[in-house]
Structure formats: C-alpha cells, structure tokens
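Okay, entry_39.txt is below, compact mmCIF, C-alpha atoms:
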# COMPACT_ATOMS: atom_id res chain seq x y z
CA MET A 21 -20.77 -33.73 11.69
CA LYS A 22 -24.34 -33.87 12.83
CA ARG A 23 -25.44 -33.29 9.27
CA ARG A 24 -23.34 -36.18 8.11
CA ILE A 25 -24.85 -38.56 10.62
CA GLU A 26 -28.28 -37.47 9.56
CA LEU A 27 -27.39 -38.06 5.94
CA ILE A 28 -26.02 -41.53 6.65
CA LEU A 29 -29.09 -42.35 8.70
CA PHE A 30 -31.34 -41.11 5.92
CA LEU A 31 -29.48 -43.06 3.25
CA SER A 32 -29.42 -46.26 5.24
CA LEU A 33 -33.12 -45.92 6.00
CA THR A 34 -34.07 -45.35 2.36
CA GLY A 35 -31.71 -48.14 1.39
CA HIS A 36 -33.41 -50.43 3.83
CA PHE A 37 -36.83 -49.39 2.61
CA LEU A 38 -35.91 -49.96 -1.05
CA ALA A 39 -34.38 -53.34 -0.25
CA SER A 40 -37.39 -54.58 1.65
CA ASN A 41 -39.65 -53.28 -1.09
CA ALA A 42 -37.71 -55.21 -3.69
CA ALA A 43 -38.03 -58.36 -1.62
CA GLU A 44 -41.80 -58.01 -1.44
CA ASN A 45 -42.37 -57.43 -5.13
CA PRO A 46 -41.43 -60.29 -7.37
CA PRO A 47 -38.37 -59.44 -9.46
CA ASP A 48 -39.10 -58.71 -13.08
CA TYR A 49 -37.60 -60.25 -16.17
CA GLU A 50 -37.97 -59.42 -19.80
CA LEU A 51 -37.98 -61.40 -22.99
CA SER A 52 -38.44 -59.95 -26.41
CA LEU A 53 -39.45 -61.63 -29.61
CA GLN A 54 -38.06 -60.39 -32.88
CA ASP A 55 -38.02 -62.24 -36.20
CA HIS A 56 -39.59 -65.11 -34.23
CA ARG A 57 -36.60 -65.45 -31.90
CA PHE A 58 -36.45 -64.88 -28.17
CA THR A 59 -33.86 -62.48 -26.74
CA PRO A 60 -32.40 -63.45 -24.41
CA SER A 61 -32.99 -67.09 -25.18
CA GLU A 62 -31.94 -68.04 -21.69
CA LEU A 63 -33.16 -66.56 -18.43
CA VAL A 64 -31.70 -67.41 -15.06
CA ILE A 65 -34.12 -67.02 -12.18
CA PRO A 66 -33.84 -67.86 -8.49
CA ALA A 67 -35.37 -71.05 -7.11
CA ASP A 68 -38.45 -70.98 -4.90
CA ALA A 69 -39.37 -67.46 -5.89
CA LYS A 70 -42.27 -66.08 -7.81
CA VAL A 71 -41.15 -63.95 -10.73
CA LYS A 72 -42.85 -61.98 -13.44
CA VAL A 73 -41.67 -62.24 -17.01
CA THR A 74 -42.75 -59.63 -19.52
CA ILE A 75 -42.68 -60.89 -23.08
CA ARG A 76 -42.63 -58.21 -25.72
CA ASN A 77 -43.62 -59.34 -29.18
CA GLU A 78 -41.87 -56.96 -31.59
CA ASP A 79 -43.10 -58.93 -34.61
CA ALA A 80 -46.22 -57.92 -36.45
CA THR A 81 -47.75 -61.39 -36.16
CA PRO A 82 -49.14 -63.13 -33.07
CA GLU A 83 -47.17 -65.73 -31.17
CA GLU A 84 -48.11 -68.26 -28.55
CA PHE A 85 -45.69 -68.58 -25.67
CA GLU A 86 -45.82 -72.18 -24.61
CA SER A 87 -44.07 -74.34 -22.08
CA ARG A 88 -45.29 -77.72 -20.87
CA SER A 89 -42.84 -77.87 -17.98
CA LEU A 90 -43.73 -74.36 -16.83
CA LYS A 91 -47.38 -75.06 -17.60
CA ARG A 92 -47.86 -71.77 -19.36
CA GLU A 93 -49.65 -71.02 -22.60
CA LYS A 94 -50.33 -67.49 -23.67
CA ILE A 95 -51.11 -65.81 -26.95
CA ILE A 96 -49.21 -62.57 -27.48
CA PRO A 97 -50.67 -60.53 -30.33
CA GLY A 98 -48.29 -58.79 -32.73
CA LYS A 99 -46.66 -55.57 -31.51
CA SER A 100 -47.84 -56.05 -27.97
CA GLN A 101 -46.74 -57.63 -24.74
CA ALA A 102 -47.90 -60.04 -22.07
CA VAL A 103 -46.84 -60.68 -18.52
CA ILE A 104 -46.70 -64.18 -17.12
CA SER A 105 -45.90 -65.05 -13.57
CA ILE A 106 -43.91 -68.20 -12.96
CA GLY A 107 -42.65 -70.03 -9.93
CA PRO A 108 -41.93 -70.81 -7.22
CA LEU A 109 -39.90 -73.46 -9.06
CA LYS A 110 -37.44 -76.17 -8.16
CA PRO A 111 -33.92 -75.82 -9.60
CA GLY A 112 -33.70 -77.14 -13.12
CA THR A 113 -34.07 -76.27 -16.78
CA TYR A 114 -37.45 -75.39 -18.20
CA GLU A 115 -37.81 -75.19 -21.97
CA PHE A 116 -40.22 -72.82 -23.65
CA SER A 117 -41.11 -72.04 -27.24
CA GLY A 118 -43.24 -69.89 -29.48
CA GLU A 119 -45.72 -72.42 -30.74
CA PHE A 120 -46.40 -70.64 -34.00
CA HIS A 121 -42.71 -70.60 -34.97
CA GLU A 122 -41.30 -73.57 -33.17
CA SER A 123 -38.23 -73.94 -35.37
CA THR A 124 -36.79 -70.57 -34.37
CA ALA A 125 -38.65 -69.35 -31.29
CA ARG A 126 -37.06 -71.44 -28.56
CA GLY A 127 -35.52 -70.72 -25.23
CA ARG A 128 -35.20 -71.90 -21.69
CA ILE A 129 -35.42 -70.75 -18.14
CA ILE A 130 -32.76 -71.96 -15.79
CA VAL A 131 -33.75 -72.02 -12.16
CA LYS A 132 -30.84 -71.91 -9.72
CA MET B 14 -45.65 -77.11 -44.90
CA LEU B 15 -45.18 -80.00 -42.51
CA ALA B 16 -44.83 -77.70 -39.50
CA THR B 17 -48.09 -75.95 -40.41
CA GLY B 18 -49.84 -79.29 -40.78
CA VAL B 19 -48.59 -80.48 -37.41
CA ILE B 20 -49.76 -77.35 -35.58
CA VAL B 21 -53.19 -77.34 -37.22
CA PHE B 22 -53.59 -81.07 -36.56
CA ARG B 23 -52.64 -80.59 -32.91
CA GLU B 24 -55.30 -77.91 -32.46
CA VAL B 25 -58.01 -79.61 -34.50
CA ILE B 26 -57.80 -82.98 -32.81
CA GLU B 27 -59.27 -81.87 -29.49
CA ALA B 28 -62.38 -80.39 -31.10
CA ALA B 29 -62.65 -83.32 -33.51
CA LEU B 30 -62.65 -85.90 -30.72
CA ILE B 31 -65.17 -83.94 -28.66
CA ILE B 32 -67.49 -83.64 -31.68
CA SER B 33 -67.23 -87.37 -32.38
CA ILE B 34 -68.15 -88.26 -28.80
CA VAL B 35 -71.07 -85.82 -28.86
CA MET B 36 -72.25 -87.24 -32.21
CA ALA B 37 -72.11 -90.78 -30.82
CA ALA B 38 -73.90 -89.73 -27.63
CA SER B 39 -76.73 -88.20 -29.60
CA GLN B 40 -77.03 -91.17 -31.93
CA GLY B 41 -80.55 -91.61 -33.23
CA VAL B 42 -81.92 -88.31 -31.97
CA ARG B 43 -83.90 -86.36 -34.50
CA GLY B 44 -82.39 -83.04 -35.51
CA ARG B 45 -79.03 -83.67 -33.92
CA THR B 46 -77.03 -83.10 -37.12
CA ALA B 47 -78.61 -79.68 -37.53
CA TRP B 48 -77.96 -78.78 -33.89
CA ILE B 49 -74.36 -79.95 -33.91
CA SER B 50 -73.65 -78.28 -37.26
CA ALA B 51 -75.09 -75.06 -35.85
CA GLY B 52 -72.76 -75.41 -32.86
CA LEU B 53 -69.82 -75.94 -35.19
CA VAL B 54 -70.60 -72.92 -37.34
CA ALA B 55 -71.26 -70.71 -34.31
CA GLY B 56 -67.92 -71.87 -32.87
CA LEU B 57 -66.12 -70.94 -36.09
CA ILE B 58 -67.72 -67.50 -36.22
CA ALA B 59 -66.93 -66.91 -32.55
CA SER B 60 -63.31 -67.99 -33.19
CA CYS B 61 -62.95 -65.32 -35.87
CA VAL B 62 -64.42 -62.68 -33.56
CA VAL B 63 -62.16 -63.65 -30.64
CA ALA B 64 -59.11 -63.81 -32.92
CA PHE B 65 -59.92 -60.35 -34.22
CA PHE B 66 -60.14 -58.96 -30.69
CA ALA B 67 -57.21 -61.05 -29.41
CA ASP B 68 -55.09 -58.05 -28.46
CA ARG B 69 -57.92 -56.44 -26.54
CA LEU B 70 -58.70 -59.71 -24.78
CA ALA B 71 -55.02 -60.11 -23.89
CA MET B 72 -54.98 -56.67 -22.23
CA ALA B 73 -58.32 -57.08 -20.47
CA VAL B 74 -58.61 -57.52 -16.69
CA SER B 75 -55.01 -56.33 -16.23
CA GLY B 76 -53.50 -58.94 -18.50
CA ILE B 77 -55.38 -62.06 -17.45
CA GLY B 78 -58.32 -61.62 -19.84
CA GLN B 79 -57.24 -64.54 -22.00
CA ASP B 80 -56.80 -66.96 -19.10
CA LEU B 81 -60.07 -65.93 -17.54
CA PHE B 82 -61.87 -66.31 -20.86
CA ASN B 83 -60.42 -69.80 -21.39
CA ALA B 84 -61.36 -70.85 -17.87
CA ILE B 85 -64.94 -69.67 -18.35
CA VAL B 86 -65.23 -71.45 -21.72
CA LEU B 87 -63.88 -74.67 -20.20
CA LEU B 88 -66.02 -74.58 -17.06
CA THR B 89 -69.16 -73.86 -19.10
CA ALA B 90 -68.41 -76.95 -21.20
CA VAL B 91 -67.85 -78.97 -18.01
CA PHE B 92 -71.21 -77.86 -16.63
CA LEU B 93 -73.08 -78.65 -19.86
CA LEU B 94 -71.45 -82.07 -20.23
CA GLY B 95 -72.26 -82.93 -16.62
CA TRP B 96 -75.80 -81.76 -17.05
CA HIS B 97 -76.21 -83.84 -20.21
CA ASN B 98 -75.05 -86.96 -18.35
CA VAL B 99 -77.40 -86.37 -15.44
CA TRP B 100 -80.29 -85.74 -17.80
CA MET B 101 -79.51 -88.96 -19.65
CA GLN B 102 -79.56 -90.94 -16.40
CA GLN B 103 -82.87 -89.41 -15.47
CA HIS B 104 -84.52 -90.09 -18.77
CA GLY B 105 -82.57 -93.14 -19.84
CA ARG B 106 -85.33 -95.46 -18.71
CA GLU B 107 -88.02 -93.59 -20.58
CA LEU B 108 -85.79 -93.45 -23.62
CA ALA B 109 -85.16 -97.17 -23.46
CA SER B 110 -88.85 -98.02 -23.29
CA GLU B 111 -89.63 -95.46 -25.94
CA MET B 112 -87.04 -97.09 -28.17
CA ARG B 113 -88.62 -100.49 -27.60
CA GLN B 114 -92.10 -99.25 -28.28
CA LEU B 115 -91.58 -96.98 -31.19
CA GLY B 116 -88.22 -97.79 -32.68
CA GLN B 117 -85.29 -95.47 -32.23
CA SER B 118 -86.16 -93.08 -35.04
CA VAL B 119 -88.51 -91.17 -32.79
CA LEU B 120 -86.17 -90.54 -29.87
CA ALA B 121 -87.85 -87.29 -29.15
CA GLY B 122 -86.20 -83.95 -29.74
CA SER B 123 -86.85 -83.26 -26.07
CA ARG B 124 -83.27 -84.24 -25.31
CA PRO B 125 -81.10 -81.29 -24.42
CA LEU B 126 -79.37 -81.08 -27.77
CA TYR B 127 -78.63 -77.41 -27.25
CA ALA B 128 -76.30 -78.41 -24.42
CA LEU B 129 -74.31 -80.69 -26.71
CA ALA B 130 -74.39 -78.14 -29.54
CA THR B 131 -73.00 -75.50 -27.17
CA VAL B 132 -70.23 -77.87 -26.07
CA VAL B 133 -69.28 -78.34 -29.73
CA GLY B 134 -69.27 -74.58 -30.26
CA LEU B 135 -67.05 -74.03 -27.20
CA ALA B 136 -64.63 -76.78 -28.26
CA VAL B 137 -64.32 -75.25 -31.73
CA LEU B 138 -63.93 -71.77 -30.24
CA ARG B 139 -61.06 -72.81 -27.99
CA GLU B 140 -58.98 -74.39 -30.70
CA GLY B 141 -60.27 -72.34 -33.63
CA THR B 142 -58.99 -69.02 -32.29
CA GLU B 143 -55.45 -70.37 -32.10
CA VAL B 144 -55.59 -71.85 -35.59
CA ILE B 145 -56.86 -68.60 -37.05
CA LEU B 146 -54.21 -66.50 -35.30
CA PHE B 147 -51.53 -68.92 -36.40
CA LEU B 148 -52.66 -69.01 -40.03
CA TYR B 149 -53.10 -65.23 -40.05
CA GLY B 150 -49.51 -64.84 -38.88
CA VAL B 151 -48.24 -67.26 -41.47
CA LEU B 152 -50.18 -65.66 -44.31
CA SER B 153 -49.28 -62.08 -43.44
CA SER B 154 -45.59 -62.90 -43.15
CA GLY B 155 -45.73 -63.62 -46.89
CA GLU B 156 -43.91 -66.94 -46.83
CA GLU B 157 -44.72 -69.54 -49.47
CA THR B 158 -48.46 -69.35 -49.16
CA PRO B 159 -49.59 -72.36 -51.23
CA ALA B 160 -47.32 -74.81 -49.38
CA LEU B 161 -48.50 -73.50 -46.02
CA LEU B 162 -52.14 -73.70 -47.03
CA THR B 163 -51.60 -77.28 -48.18
CA GLY B 164 -50.12 -78.01 -44.77
CA GLY B 165 -53.09 -76.42 -43.05
CA VAL B 166 -55.58 -78.41 -45.10
CA LEU B 167 -53.57 -81.59 -44.48
CA GLY B 168 -53.55 -81.02 -40.72
CA LEU B 169 -57.25 -80.23 -40.71
CA SER B 170 -58.12 -83.33 -42.74
CA LEU B 171 -56.00 -85.55 -40.53
CA GLY B 172 -57.64 -84.18 -37.39
CA VAL B 173 -61.12 -84.62 -38.85
CA ALA B 174 -60.18 -88.15 -39.96
CA MET B 175 -59.25 -89.03 -36.36
CA GLY B 176 -62.62 -87.74 -35.18
CA VAL B 177 -64.47 -89.69 -37.88
CA ALA B 178 -62.55 -92.86 -37.00
CA MET B 179 -63.44 -92.42 -33.33
CA TYR B 180 -67.11 -91.86 -34.24
CA PHE B 181 -67.41 -95.00 -36.33
CA GLY B 182 -65.47 -96.91 -33.69
CA LEU B 183 -68.05 -95.86 -31.11
CA LEU B 184 -70.93 -96.81 -33.41
CA ARG B 185 -69.69 -100.40 -33.41
CA ILE B 186 -70.72 -100.61 -29.77
CA PRO B 187 -74.10 -102.33 -29.41
CA HIS B 188 -76.95 -99.89 -29.03
CA ARG B 189 -77.85 -101.01 -25.53
CA ARG B 190 -74.41 -100.11 -24.27
CA LEU B 191 -73.67 -97.10 -26.44
CA PHE B 192 -75.20 -94.54 -24.05
CA ALA B 193 -73.40 -96.05 -21.07
CA VAL B 194 -70.10 -95.83 -22.95
CA THR B 195 -70.65 -92.27 -24.19
CA SER B 196 -71.76 -91.19 -20.70
CA GLY B 197 -68.53 -92.63 -19.33
CA LEU B 198 -66.47 -90.87 -22.00
CA ILE B 199 -68.24 -87.59 -21.32
CA LEU B 200 -67.64 -87.97 -17.57
CA PHE B 201 -63.86 -88.24 -18.05
CA LEU B 202 -63.86 -85.60 -20.78
CA ALA B 203 -65.55 -83.16 -18.39
CA ALA B 204 -63.08 -83.93 -15.59
CA GLY B 205 -60.15 -83.35 -17.96
CA LEU B 206 -61.57 -80.01 -19.09
CA ALA B 207 -62.02 -78.98 -15.45
CA ALA B 208 -58.33 -79.72 -14.83
CA GLN B 209 -57.45 -77.55 -17.85
CA ALA B 210 -59.56 -74.76 -16.41
CA ALA B 211 -57.63 -75.08 -13.13
CA ALA B 212 -54.38 -74.60 -15.08
CA CYS B 213 -55.77 -71.41 -16.65
CA LEU B 214 -56.72 -70.04 -13.24
CA VAL B 215 -53.28 -70.86 -11.85
CA GLN B 216 -51.67 -69.11 -14.82
CA ALA B 217 -53.82 -66.06 -14.10
CA ASP B 218 -52.55 -66.20 -10.52
CA LEU B 219 -56.12 -66.46 -9.21
CA ILE B 220 -55.68 -69.76 -7.42
CA SER B 221 -52.70 -71.48 -5.86
CA PRO B 222 -51.32 -74.54 -7.69
CA LEU B 223 -51.40 -76.48 -4.37
CA GLY B 224 -48.14 -78.16 -5.17
CA ARG B 225 -46.47 -77.80 -8.53
CA ALA B 226 -45.92 -80.85 -10.75
CA LEU B 227 -46.76 -83.51 -8.18
CA TRP B 228 -45.26 -86.10 -10.51
CA ASP B 229 -43.66 -86.18 -13.91
CA THR B 230 -44.45 -88.84 -16.50
CA SER B 231 -43.25 -86.77 -19.47
CA ALA B 232 -40.31 -89.14 -20.02
CA TRP B 233 -42.66 -92.12 -20.53
CA LEU B 234 -45.56 -90.46 -22.27
CA PRO B 235 -44.90 -86.90 -23.44
CA GLU B 236 -48.05 -84.82 -23.63
CA GLU B 237 -47.12 -83.57 -27.09
CA SER B 238 -46.92 -87.11 -28.53
CA LEU B 239 -49.98 -88.37 -30.39
CA ALA B 240 -50.91 -90.85 -27.66
CA GLY B 241 -50.37 -88.16 -25.03
CA ARG B 242 -52.60 -85.74 -26.94
CA LEU B 243 -55.39 -88.30 -27.33
CA LEU B 244 -55.28 -89.24 -23.66
CA HIS B 245 -55.13 -85.56 -22.73
CA VAL B 246 -58.43 -84.95 -24.50
CA LEU B 247 -60.15 -88.21 -23.56
CA VAL B 248 -59.23 -88.63 -19.91
CA GLY B 249 -57.39 -85.38 -19.11
CA TYR B 250 -53.87 -86.84 -19.11
CA VAL B 251 -51.34 -84.30 -17.84
CA ALA B 252 -47.66 -85.29 -17.56
CA GLN B 253 -46.88 -82.87 -14.71
CA PRO B 254 -50.11 -82.17 -12.87
CA ASP B 255 -50.44 -79.49 -10.22
CA GLY B 256 -52.26 -80.35 -7.02
CA VAL B 257 -55.16 -78.08 -7.84
CA GLN B 258 -55.59 -79.78 -11.23
CA LEU B 259 -56.04 -83.13 -9.50
CA LEU B 260 -58.47 -81.49 -7.10
CA PHE B 261 -60.58 -80.03 -9.94
CA TYR B 262 -60.41 -83.35 -11.79
CA PHE B 263 -61.62 -85.51 -8.93
CA ILE B 264 -64.20 -83.04 -7.65
CA THR B 265 -65.76 -82.87 -11.13
CA LEU B 266 -65.62 -86.64 -11.52
CA THR B 267 -67.23 -87.15 -8.10
CA ILE B 268 -69.96 -84.53 -8.45
CA ILE B 269 -71.11 -85.71 -11.88
CA PHE B 270 -70.88 -89.37 -10.90
CA VAL B 271 -72.82 -88.91 -7.65
CA MET B 272 -75.47 -86.81 -9.40
CA MET B 273 -75.82 -89.52 -12.04
CA ARG B 274 -76.26 -92.19 -9.35
CA ILE B 275 -78.83 -90.16 -7.45
CA CYS B 276 -80.88 -89.61 -10.58
CA GLN B 277 -80.63 -93.23 -11.54
CA LEU B 278 -81.70 -94.53 -8.11
CA LYS B 279 -84.83 -92.41 -8.12
CA PRO B 280 -87.76 -94.70 -8.91
CA PRO B 281 -89.18 -93.99 -12.32
CA ALA B 282 -92.01 -91.51 -12.04
CA LEU B 283 -95.42 -92.94 -12.75
CA VAL B 284 -96.45 -91.38 -15.97
CA GLU B 285 -100.10 -90.60 -15.96
CA LYS B 286 -101.47 -90.82 -19.40
CA PRO B 287 -104.15 -88.23 -20.03

Go through the file and emit its structure as structure tokens.
Amino acid sequence: MKRRIELILFLSLTGHFLASNAAENPPDYELSLQDHRFTPSELVIPADAKVKVTIRNEDATPEEFESRSLKREKIIPGKSQAVISIGPLKPGTYEFSGEFHESTARGRIIVK
Amino acid sequence: MLATGVIVFREVIEAALIISIVMAASQGVRGRTAWISAGLVAGLIASCVVAFFADRLAMAVSGIGQDLFNAIVLLTAVFLLGWHNVWMQQHGRELASEMRQLGQSVLAGSRPLYALATVVGLAVLREGTEVILFLYGVLSSGEETPALLTGGVLGLSLGVAMGVAMYFGLLRIPHRRLFAVTSGLILFLAAGLAAQAAACLVQADLISPLGRALWDTSAWLPEESLAGRLLHVLVGYVAQPDGVQLLFYFITLTIIFVMMRICQLKPPALVEKP
C-alpha cells in the first residue's frame, strides 16, 4: 500500500514536472517540403502563443519560405531545414508560400 | 516563363531603384560611373559567394545566421546613406560655389563615392543572392530551360528599365534642386531599410516586435503589387508594420534629419587659401 502511494506520488510529480516544462517551452510544429509542396499544407496553432515551426526541405533545390502576414522570409537550402518562430498571433488565417515555386508551394496557418 | 520573370523582376527592382537614386545623387561627379560599376560587380560576386554558402549561413548562429546577416547588410547601408546625406549638407555650400566658379565637370572626387558604391554593392547582394538561388533551383530541376531563361532575362530587363526610367525622371529636376531631392529620397530610403532590418531582428527573435501588425492596409495597397513594391523601396511602405519597425523607421529618419540640420546650420568654415 505504501509502495503504491509512493508510486502515485512519483507519477503525479513527474507528470506535473513534464506538464509545466511543456508550458514553458514553445510547442513545436513541423512542415515538410517535397516536390515543392508543403505537408501538411495547413497548421493549426493556438492564439497568443509563441510557437516554433521546423520546415524540412526534402527537395534538392532551395526554397524561400515567405509570408507577408506572418512577416517571415527565410531561405531554406535544398536537403536541409530551418526553424522559424512565430506568434504570439491573433486568431485568423495566415497564408504562406514557397516563393520559388509559388504555384505549388502554398499553405496556411490557422490560429485558433 | 512568366512566373520566373515575375520573381526576378520583383527582386531586381529594389536594387535597380536604389542604383538609380545613387546615380542621380552623384550626378556630375567625376569617376562616379567607375565607382558605382565597381559596387555593382562586387555585389554580384558577393551574391554568388553567399548563395554558394547559403546552407552554411542558414545553420550559422543556431539558425539565425541568415537573419543576422541581412540585418547587418541593411544597417550598414542605412549608416552609409545617412553619412552621405550629412556629408552633402556639410559640403553642399562649397560644392555649390565650386560649381559656379568652375562648372560642374570638376565636382571634385573628394565626395565619398565609396559610400555610395558600397550601398550599391549591398543592395545587389541582398537581392542577387535570392535570384541566384532561385535560378539555380530552376535550372537544376531540369525544367524547360530556354523558356525559364527568357523569363529571367525579361524580368531583369524590366527591373533595369524601371531603374533607368526613375534615373532619367530624376535628371529632369533642375540642377539646383536635384541634390535636395536626392537627399530627401535617400533619407526615406534609409528609414525604410532600417525598418526592414528591424523585421529581420524580430524574425531572429533578438528583439520584441513591440506590437504585431499595428495596422493593416494590405486590402487597399498590397505590398506585393507593383505600387506597393515601389513604395516599399522608396519610402519603406509596409502593409502590416510591427511597432518596432515604426520605431526603427522614425529613429532613423530623426537622427539623419537632425544631423543634416546641425551640419547645415554650422557657419561655413573660412577657407584660408595658402
């Protein structure tokens, strides 16, 4: 019985620690680029929070991640990745594109 | 082909307009074509070097190498443009009398042409790297190469044509007023570049945006439209400015303007002729 209480206490403490840790670090999101298309092409992120988005460019050629509404512009060389931090943002839809392949590389971030 | 042309045009136009303003501002100064051409060529070479090392730059300083690099390039240009304006105020009087006495062909080479040449190089570097990376991507993907190259040449020519048009437009201004006009243009150009630098630093997470998108005029005048682009380069138009961008803009405007006034108010130094 005593063991069990200890175990519960331990689990709840670690749980608490992990939860608070997650709240401190901005949550991470991932986008990948393949054949000049973003996957996923839509990201849903929370409002008023700072988040990090890792963009992996699986193509061999460079791409420029660009969004006027997010005010971000970053060149991602071929076969490499870049991290951009966005937010805190107001709820809404924010379009982004790969400037070098605008016809296919499009997506949006929905802030809820 | 059209898409290629549009992208190249978009990138070229900023450098083209800056070069045309710099050419107009250095009107009548001996050796300016050589200096500005040198700046242009150096900018192109530097673009190739930066494009080649793009992946290393992207990884540098834990992922913010690119943003930091852009901010430094922009702020250096801001400093040089401001310095040129202040210098012009200081020496404007001498230049004017020199022009009267000797005719404008001898506007001495003592003017800081290297500052303007460096600004040209930096402007070309900023846009050139992107064009090279874009064209490299297009070429190596093995799509219809000739059509894409035609597009690239078309975009380049159109951008250069805009710059040439702006240059000859500026030359129509009477000589007495030309320097005042180019100084004004350079003042706003510098402020706009400072605001761009602020955006780079925000992106790198080095400074706070101090309020995101304080207003939004993108419905009336989208930044990606031709008019929006032109105004973006000339006066720093941003459809959704952050607070810190406005701060950088007005601080730059104020500092350069006040420095220009101070230098202008100073009584002309008595030149002792040996």

Pull out every residue of chain B that has at least one atom within 10 Å of chain A, counting only C-alpha atoms, and report them as a ChimeraX atom specification.
-> /B:16-17,20,64,66-72,75-77,79-80,143-144,146-154,212-213,215-218,224-226,229,231,235-237,251-255

Selection above as a file: C-alpha atoms, as a PDB file, in the coordinates of the input:
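The result, written out as again01.pdb:
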ATOM      1  CA  ALA B  16     -44.830 -77.700 -39.500  1.00  0.00           C
ATOM      2  CA  THR B  17     -48.090 -75.950 -40.410  1.00  0.00           C
ATOM      3  CA  ILE B  20     -49.760 -77.350 -35.580  1.00  0.00           C
ATOM      4  CA  ALA B  64     -59.110 -63.810 -32.920  1.00  0.00           C
ATOM      5  CA  PHE B  66     -60.140 -58.960 -30.690  1.00  0.00           C
ATOM      6  CA  ALA B  67     -57.210 -61.050 -29.410  1.00  0.00           C
ATOM      7  CA  ASP B  68     -55.090 -58.050 -28.460  1.00  0.00           C
ATOM      8  CA  ARG B  69     -57.920 -56.440 -26.540  1.00  0.00           C
ATOM      9  CA  LEU B  70     -58.700 -59.710 -24.780  1.00  0.00           C
ATOM     10  CA  ALA B  71     -55.020 -60.110 -23.890  1.00  0.00           C
ATOM     11  CA  MET B  72     -54.980 -56.670 -22.230  1.00  0.00           C
ATOM     12  CA  SER B  75     -55.010 -56.330 -16.230  1.00  0.00           C
ATOM     13  CA  GLY B  76     -53.500 -58.940 -18.500  1.00  0.00           C
ATOM     14  CA  ILE B  77     -55.380 -62.060 -17.450  1.00  0.00           C
ATOM     15  CA  GLN B  79     -57.240 -64.540 -22.000  1.00  0.00           C
ATOM     16  CA  ASP B  80     -56.800 -66.960 -19.100  1.00  0.00           C
ATOM     17  CA  GLU B 143     -55.450 -70.370 -32.100  1.00  0.00           C
ATOM     18  CA  VAL B 144     -55.590 -71.850 -35.590  1.00  0.00           C
ATOM     19  CA  LEU B 146     -54.210 -66.500 -35.300  1.00  0.00           C
ATOM     20  CA  PHE B 147     -51.530 -68.920 -36.400  1.00  0.00           C
ATOM     21  CA  LEU B 148     -52.660 -69.010 -40.030  1.00  0.00           C
ATOM     22  CA  TYR B 149     -53.100 -65.230 -40.050  1.00  0.00           C
ATOM     23  CA  GLY B 150     -49.510 -64.840 -38.880  1.00  0.00           C
ATOM     24  CA  VAL B 151     -48.240 -67.260 -41.470  1.00  0.00           C
ATOM     25  CA  LEU B 152     -50.180 -65.660 -44.310  1.00  0.00           C
ATOM     26  CA  SER B 153     -49.280 -62.080 -43.440  1.00  0.00           C
ATOM     27  CA  SER B 154     -45.590 -62.900 -43.150  1.00  0.00           C
ATOM     28  CA  ALA B 212     -54.380 -74.600 -15.080  1.00  0.00           C
ATOM     29  CA  CYS B 213     -55.770 -71.410 -16.650  1.00  0.00           C
ATOM     30  CA  VAL B 215     -53.280 -70.860 -11.850  1.00  0.00           C
ATOM     31  CA  GLN B 216     -51.670 -69.110 -14.820  1.00  0.00           C
ATOM     32  CA  ALA B 217     -53.820 -66.060 -14.100  1.00  0.00           C
ATOM     33  CA  ASP B 218     -52.550 -66.200 -10.520  1.00  0.00           C
ATOM     34  CA  GLY B 224     -48.140 -78.160  -5.170  1.00  0.00           C
ATOM     35  CA  ARG B 225     -46.470 -77.800  -8.530  1.00  0.00           C
ATOM     36  CA  ALA B 226     -45.920 -80.850 -10.750  1.00  0.00           C
ATOM     37  CA  ASP B 229     -43.660 -86.180 -13.910  1.00  0.00           C
ATOM     38  CA  SER B 231     -43.250 -86.770 -19.470  1.00  0.00           C
ATOM     39  CA  PRO B 235     -44.900 -86.900 -23.440  1.00  0.00           C
ATOM     40  CA  GLU B 236     -48.050 -84.820 -23.630  1.00  0.00           C
ATOM     41  CA  GLU B 237     -47.120 -83.570 -27.090  1.00  0.00           C
ATOM     42  CA  VAL B 251     -51.340 -84.300 -17.840  1.00  0.00           C
ATOM     43  CA  ALA B 252     -47.660 -85.290 -17.560  1.00  0.00           C
ATOM     44  CA  GLN B 253     -46.880 -82.870 -14.710  1.00  0.00           C
ATOM     45  CA  PRO B 254     -50.110 -82.170 -12.870  1.00  0.00           C
ATOM     46  CA  ASP B 255     -50.440 -79.490 -10.220  1.00  0.00           C
TER      47      ASP B 255
END

Neighbour list for Ala28 of chain B as a list in words, cut-off 8 Å, all atoms listed in the file, skip fewer than 4 positions in-chain = Glu24, Ile32, Val133, Ala136, Val137 and Glu140 of chain B

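Of the listed residues B:Cys276, B:Val25, B:Leu260, B:Leu162, the one whose atoms come nearest to Thr142 of chain B is B:Val25, with distances taken using all atoms listed in the file.
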
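Picture a line from atom CA of Ser221 of chain B to atom CA of Ser87 of chain A; it runs 18.6 Å.
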
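Each of B:Val99, B:Leu138, B:Val194, B:Val173 was compared to Gln277 of chain B using only C-alpha atoms, and B:Val99 turns out to be the nearest.
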
Please complete segment 207-218 of chain B with N, CA and C atoms and give it back as a short mmCIF file (atom, residue, chain, number, x, y, z; two decimals), in the frame of the given file.
data_model
loop_
_atom_site.label_atom_id
_atom_site.label_comp_id
_atom_site.auth_asym_id
_atom_site.auth_seq_id
_atom_site.Cartn_x
_atom_site.Cartn_y
_atom_site.Cartn_z
N ALA B 207 -62.06 -79.70 -16.73
CA ALA B 207 -62.02 -78.98 -15.45
C ALA B 207 -60.57 -78.79 -15.00
N ALA B 208 -59.75 -79.83 -15.21
CA ALA B 208 -58.33 -79.72 -14.83
C ALA B 208 -57.62 -78.67 -15.70
N GLN B 209 -58.03 -78.59 -16.98
CA GLN B 209 -57.45 -77.55 -17.85
C GLN B 209 -57.85 -76.16 -17.36
N ALA B 210 -59.10 -76.04 -16.93
CA ALA B 210 -59.56 -74.76 -16.41
C ALA B 210 -58.75 -74.36 -15.17
N ALA B 211 -58.44 -75.35 -14.33
CA ALA B 211 -57.63 -75.08 -13.13
C ALA B 211 -56.28 -74.50 -13.55
N ALA B 212 -55.68 -75.10 -14.61
CA ALA B 212 -54.38 -74.60 -15.08
C ALA B 212 -54.47 -73.15 -15.54
N CYS B 213 -55.58 -72.80 -16.20
CA CYS B 213 -55.77 -71.41 -16.65
C CYS B 213 -55.85 -70.47 -15.46
N LEU B 214 -56.56 -70.90 -14.41
CA LEU B 214 -56.72 -70.04 -13.24
C LEU B 214 -55.41 -69.90 -12.47
N VAL B 215 -54.60 -70.96 -12.48
CA VAL B 215 -53.28 -70.86 -11.85
C VAL B 215 -52.41 -69.89 -12.64
N GLN B 216 -52.46 -70.01 -13.96
CA GLN B 216 -51.67 -69.11 -14.82
C GLN B 216 -52.06 -67.65 -14.59
N ALA B 217 -53.35 -67.43 -14.34
CA ALA B 217 -53.82 -66.06 -14.10
C ALA B 217 -53.50 -65.61 -12.67
N ASP B 218 -52.92 -66.52 -11.89
CA ASP B 218 -52.55 -66.20 -10.52
C ASP B 218 -53.78 -66.01 -9.62
#
